[in-house]
Every structure is written in C-alpha cells, then in structure tokens.
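The structure appears right after this line, and notes come after that.
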Amino acid sequence: MVTSDQRRRQLAREKYERQQKRRAEARRKARQRAAVIGAAVAVVVATLVGLVVGGVFDKDKKDEAADPSANPSASPTPRQSPAPAMAIDQKAKYTFDLKTSAGEVKVEMDAAKTPETVNSFKALADKGFFDKTKCHRLTTSGIFVLQCGDPQGTGMGGPGYTIADENLDSLGKPNEQGQVVYPAGTVAMANTGQPHSGGSQFFLVYKDSPLAPSYTPFGKIDAAGLKALEEVAKAGTADGGQDGAPKTPVTIEKATVTQN
C-alpha cells in the first residue's frame with residue numbers, strides 16, 4: 001500500500017521530470033531556431049559578397065553620367081585638392097600640343113574665353129599629367145569624338161579637383177531638342193553631367209556632333225591633327241561597337257601648353 005508521503009514524492013518526481021522534459025524541449029527548439037537563423041544569415045552574407053565581388057553594386061559608367069552613345073561623360077572626380085592658382089595671361093592665346101602615337105595634334109586655346117580651363121590644362125601639362133596616358137574612348141554614332149585625359153585610361157580618373165564650366169553659349173542657341181552642334185575640330189571638356197564637374201578628361205570632335213551645351217568648348221584642332229583623328233575614327237572601335245576603346249590605340253606620349 002502506497003502511503004501519502006510516498007504518493008507526494010512520486011507526484012513531485014513526475015512534476016520535476018515533466019519540467020526537465022519541457023526545458024530540454026525548449027532548449028532543443030532554441031538551438032533549431034538559432035541554426036535556421038544562422039543559415040539564413042550565412043546565405044544572405046554569401047549572396048551579398050557574391051554581388052559585390054561580381055560588381056552588381058558597382059556604379060556603372062553609364063549610370064554615373066549619361067548614355068555614352070549620346071554624351072562624352074567622365075566619372076565623378078572627388079575634390080581632393082584645390083584647383084591650381086591662376087598663373088596664365090588671361091588675355092593671351094595658348095597651344096595645347098599633343099604628341100600622340102597616332103600623330104601630332106595641336107589645339108589652339110583662347111584664355112580670354114576659357115581662363116580656368118586653359119590655366120588648369122597648363123598646370124597639368126607642366127607637371128606631365130597627360131604624358132603616357134591613353135585616349136580611352138571613341139564614339140562613332142550619335143556623336144563623333146575621341147575622349148582622352150584620364151590618367152587611368154578607364155574613364156574613371158581625374159586630377160583630384162574640378163573646374164567651372166566656361167564659354168557654354170559660344171556655339172549658339174539650342175534647338176528644340178536642347179542641343180547645339182559641336183563642330184568638327186572642337187575640343188571640349190568631358191564631365192559627369194552635372195554643372196562644373198570637369199576635371200582633366202576632354203574630347204576631340206572629328207565630325208559635327210549634336211550635344212547639349214553643357215561641355216566647355218575650349219580649343220580648336222589644327223588641320224593635321226584633325227586628319228590624324230579622322231584616321232583613328234575610320235578604324236573604329238576595338239570591339240566593332242559604336243562606343244569603346246579605339247581599335248587604333250592612341251597614347252599621348254607628351255603634352256605641353258605654351259603661350260603663343
């Protein structure tokens with residue numbers, strides 16, 4: 001016969017066992033939830049790493065500026081240093097002389113019209129900034145330009161500062177599409193599509209090109225230079241597309257700016 005004390009001890013033991021069982025089950029479920037959450041986090045992290053490594057989150061050049069088939073764009077150049085102090089005769093004319101692997105190109109510049117641009121280019125040329133750099137982009141449809149001036153040769157580089165837009169109304173009144181014609185032989189600043197965002201990248205126009213009047217026109221190519229440029233354009237791009245690296249590589253071997 002089970003006494004009352006024995007019955008109480010048995011009930012207490014059963015209660016204790018039930019409590020232990022519930023606690024063990026709770027711990028097991030907690031471990032399962034942690035495992036599921038950890039796996040999910042691992043998947044998310046792995047996916048993010050894959051996207052970053054794969055370049056999905058990288059800014060594409062087209063996104064940083066505008067469609068390259070329609071605009072000569074340079075990637076944003078963070079302001080790291082001040083623009084060079086004014087050190088030219090703002091009433092004088094200068095020659096930007098580019099000795100390239102495709103021939104010599106001379107660009108006449110009028111400091112009275114674009115003093116900041118001419119001053120910047122002289123400062124950069126004087127320290128050899130353009131020497132041994134590649135003209136990274138040729139466009140053969142919509143607009144007709146060869147783009148140069150990036151020390152990286154990728155369209156992503158610049159001098160570490162930006163300069164103000166100048167001379168934007170010199171090409172006449174925009175048409176209904178908001179465009180003006182940049183005539184063959186024009187040299188103008190590339191930019192990010194934002195005002196006053198030019199750095200060191202510039203484009204040489206080898207055939208009349210309709211563009212928004214947003215790119216500082218600062219020079220005129222000489223006849224021999226324009227002919228050399230046209231020969232580069234005839235060869236097209238390296239991949240046969242309408243916009244890309246020129247098939248005929250163009251390297252600026254030496255660039256100088258001298259007062260006329």
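Within each chain, counting starts at residue 1; across the structure tokens, chains are named A, B, ... in the order shown, with ligands numbered 1 upward in that order.
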
Against range 207-231 of chain A, which residues of range 122-174 of chain A fall within 6 Å? For each one I want the closest pair of atoms and the distance in Å (one decimal), counting only C-alpha atoms, rows by chain and increasing residue number, as CSV.
residue,atom,partner,partner_atom,distance
A:Ile143,CA,A:Ser209,CA,4.7
A:Phe144,CA,A:Lys207,CA,5.5
A:Asp165,CA,A:Thr216,CA,5.6
A:Glu166,CA,A:Thr216,CA,5.3
A:Asn167,CA,A:Thr216,CA,5.9
A:Leu168,CA,A:Thr216,CA,5.7

Secondary structure check, strand (DSSP E) residues of range 49-212 of chain A, as a PyMOL selection string: chain A and resi 93-100+103-110+133-134+137-141+143-148+180-182+186-189+202-205+209-211

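The shortest atom-to-atom distance to Val105 in chain A, with only C-alpha atoms taken into account, belongs to A:Val187 out of A:Met156, A:Val187, A:Ile163, A:Val118.
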
Nearest residue to Lys93 in chain A out of A:Pro151, A:Gly236, A:Pro72, A:Pro115, using only C-alpha atoms?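 Of all the options, A:Pro115 lies closest to Lys93 in chain A.
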
Calculate how many Å separate CA of Thr114 in chain A from CA of Gln90 in chain A, rounding to one decimal.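 Between these atoms lies a distance of 8.5 Å.
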
Name all residues at most 8 Å from Ala83 in chain A (count only C-alpha atoms; drop same-chain ones fewer than 5 positions away) and give them as a ChimeraX atom specification. /A:120,161-163

Export C-alpha atoms of the chosen residues as a compact mmCIF listing (two decimals), in the first residue's frame?
# COMPACT_ATOMS: atom_id res chain seq x y z
CA SER A 120 44.22 74.07 -65.42
CA TYR A 161 39.68 68.67 -58.42
CA THR A 162 37.01 70.15 -60.67
CA ILE A 163 36.81 73.42 -62.60

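The smallest atom-to-atom distance between Thr154 in chain A and any of A:Lys106, A:His136, A:Ala92, A:Gly142, using only C-alpha atoms, is found for A:His136.
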
For Pro246 in chain A, which residue out of A:Gly172, A:Val232, A:Gly185, A:Thr95 is the nearest one, using only C-alpha atoms? A:Val232

Which residues are close to Gly128 in chain A, i.e. within 12 Å by only C-alpha atoms, leaving aside same-chain residues fewer than 6 positions away? Reply as a ChimeraX atom specification. /A:98,121-122,149,151,159,252-257

For Leu124 in chain A, the nearest of the candidates A:Glu176, A:Asp110, A:Asp150, A:Glu104, counting only C-alpha atoms: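 Under the stated criterion, the closest residue is A:Asp150.
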
At what distance in Å, to one decimal, does CA of Ser73 in chain A lie from CA of Arg137 in chain A?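 These atoms are spaced 10.2 Å apart.
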
Run DSSP on the backbone and give me the residues of range 186-248 of chain A it puts in helix (DSSP H, G or I), as a list in words.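 Of range 186-248 of chain A, only Ala223, Ala224, Gly225, Leu226, Lys227, Ala228, Leu229, Glu230, Glu231, Val232, Ala233, Lys234 and Ala235 of chain A fall in helix (DSSP H, G or I).
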
Write a file of the just-selected residues containing N, CA and C atoms, as a compact mmCIF listing (two decimals), in the first residue's frame.
# COMPACT_ATOMS: atom_id res chain seq x y z
N ALA A 223 44.61 71.47 -88.72
CA ALA A 223 44.22 70.62 -89.85
C ALA A 223 44.91 69.27 -89.81
N ALA A 224 46.21 69.25 -89.53
CA ALA A 224 46.95 67.99 -89.50
C ALA A 224 46.44 67.10 -88.35
N GLY A 225 46.16 67.71 -87.23
CA GLY A 225 45.65 66.94 -86.10
C GLY A 225 44.28 66.35 -86.37
N LEU A 226 43.42 67.14 -87.04
CA LEU A 226 42.08 66.65 -87.37
C LEU A 226 42.17 65.48 -88.35
N LYS A 227 43.10 65.54 -89.29
CA LYS A 227 43.28 64.43 -90.24
C LYS A 227 43.73 63.17 -89.50
N ALA A 228 44.64 63.30 -88.57
CA ALA A 228 45.10 62.14 -87.79
C ALA A 228 43.94 61.56 -86.99
N LEU A 229 43.13 62.43 -86.46
CA LEU A 229 41.96 62.00 -85.68
C LEU A 229 40.96 61.25 -86.55
N GLU A 230 40.76 61.73 -87.75
CA GLU A 230 39.83 61.07 -88.68
C GLU A 230 40.32 59.68 -89.05
N GLU A 231 41.63 59.51 -89.16
CA GLU A 231 42.17 58.19 -89.47
C GLU A 231 41.93 57.20 -88.32
N VAL A 232 42.06 57.68 -87.11
CA VAL A 232 41.74 56.83 -85.95
C VAL A 232 40.27 56.43 -85.98
N ALA A 233 39.42 57.39 -86.30
CA ALA A 233 37.98 57.12 -86.32
C ALA A 233 37.60 56.12 -87.41
N LYS A 234 38.28 56.19 -88.55
CA LYS A 234 37.98 55.26 -89.65
C LYS A 234 38.18 53.80 -89.23
N ALA A 235 39.13 53.56 -88.39
CA ALA A 235 39.42 52.18 -87.95
C ALA A 235 38.36 51.67 -86.98

Quick one: pull the distance between CA of Leu171 in chain A and CA of Pro195 in chain A, Å, one decimal.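 These two atoms are separated by 17.4 Å.
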
For Ala245 in chain A, the nearest of the candidates A:Pro174, A:Gly155, A:Gly199, A:Gly193, counting only C-alpha atoms: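 Of A:Pro174, A:Gly155, A:Gly199, A:Gly193, the one nearest Ala245 in chain A, counting only C-alpha atoms, is A:Gly155.
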
Exercise: Asp243 in chain A partners within 7 Å, only C-alpha atoms, chain neighbours under 5 positions left out, as an MDAnalysis selection string: chainID A and resid 69 137:140 237
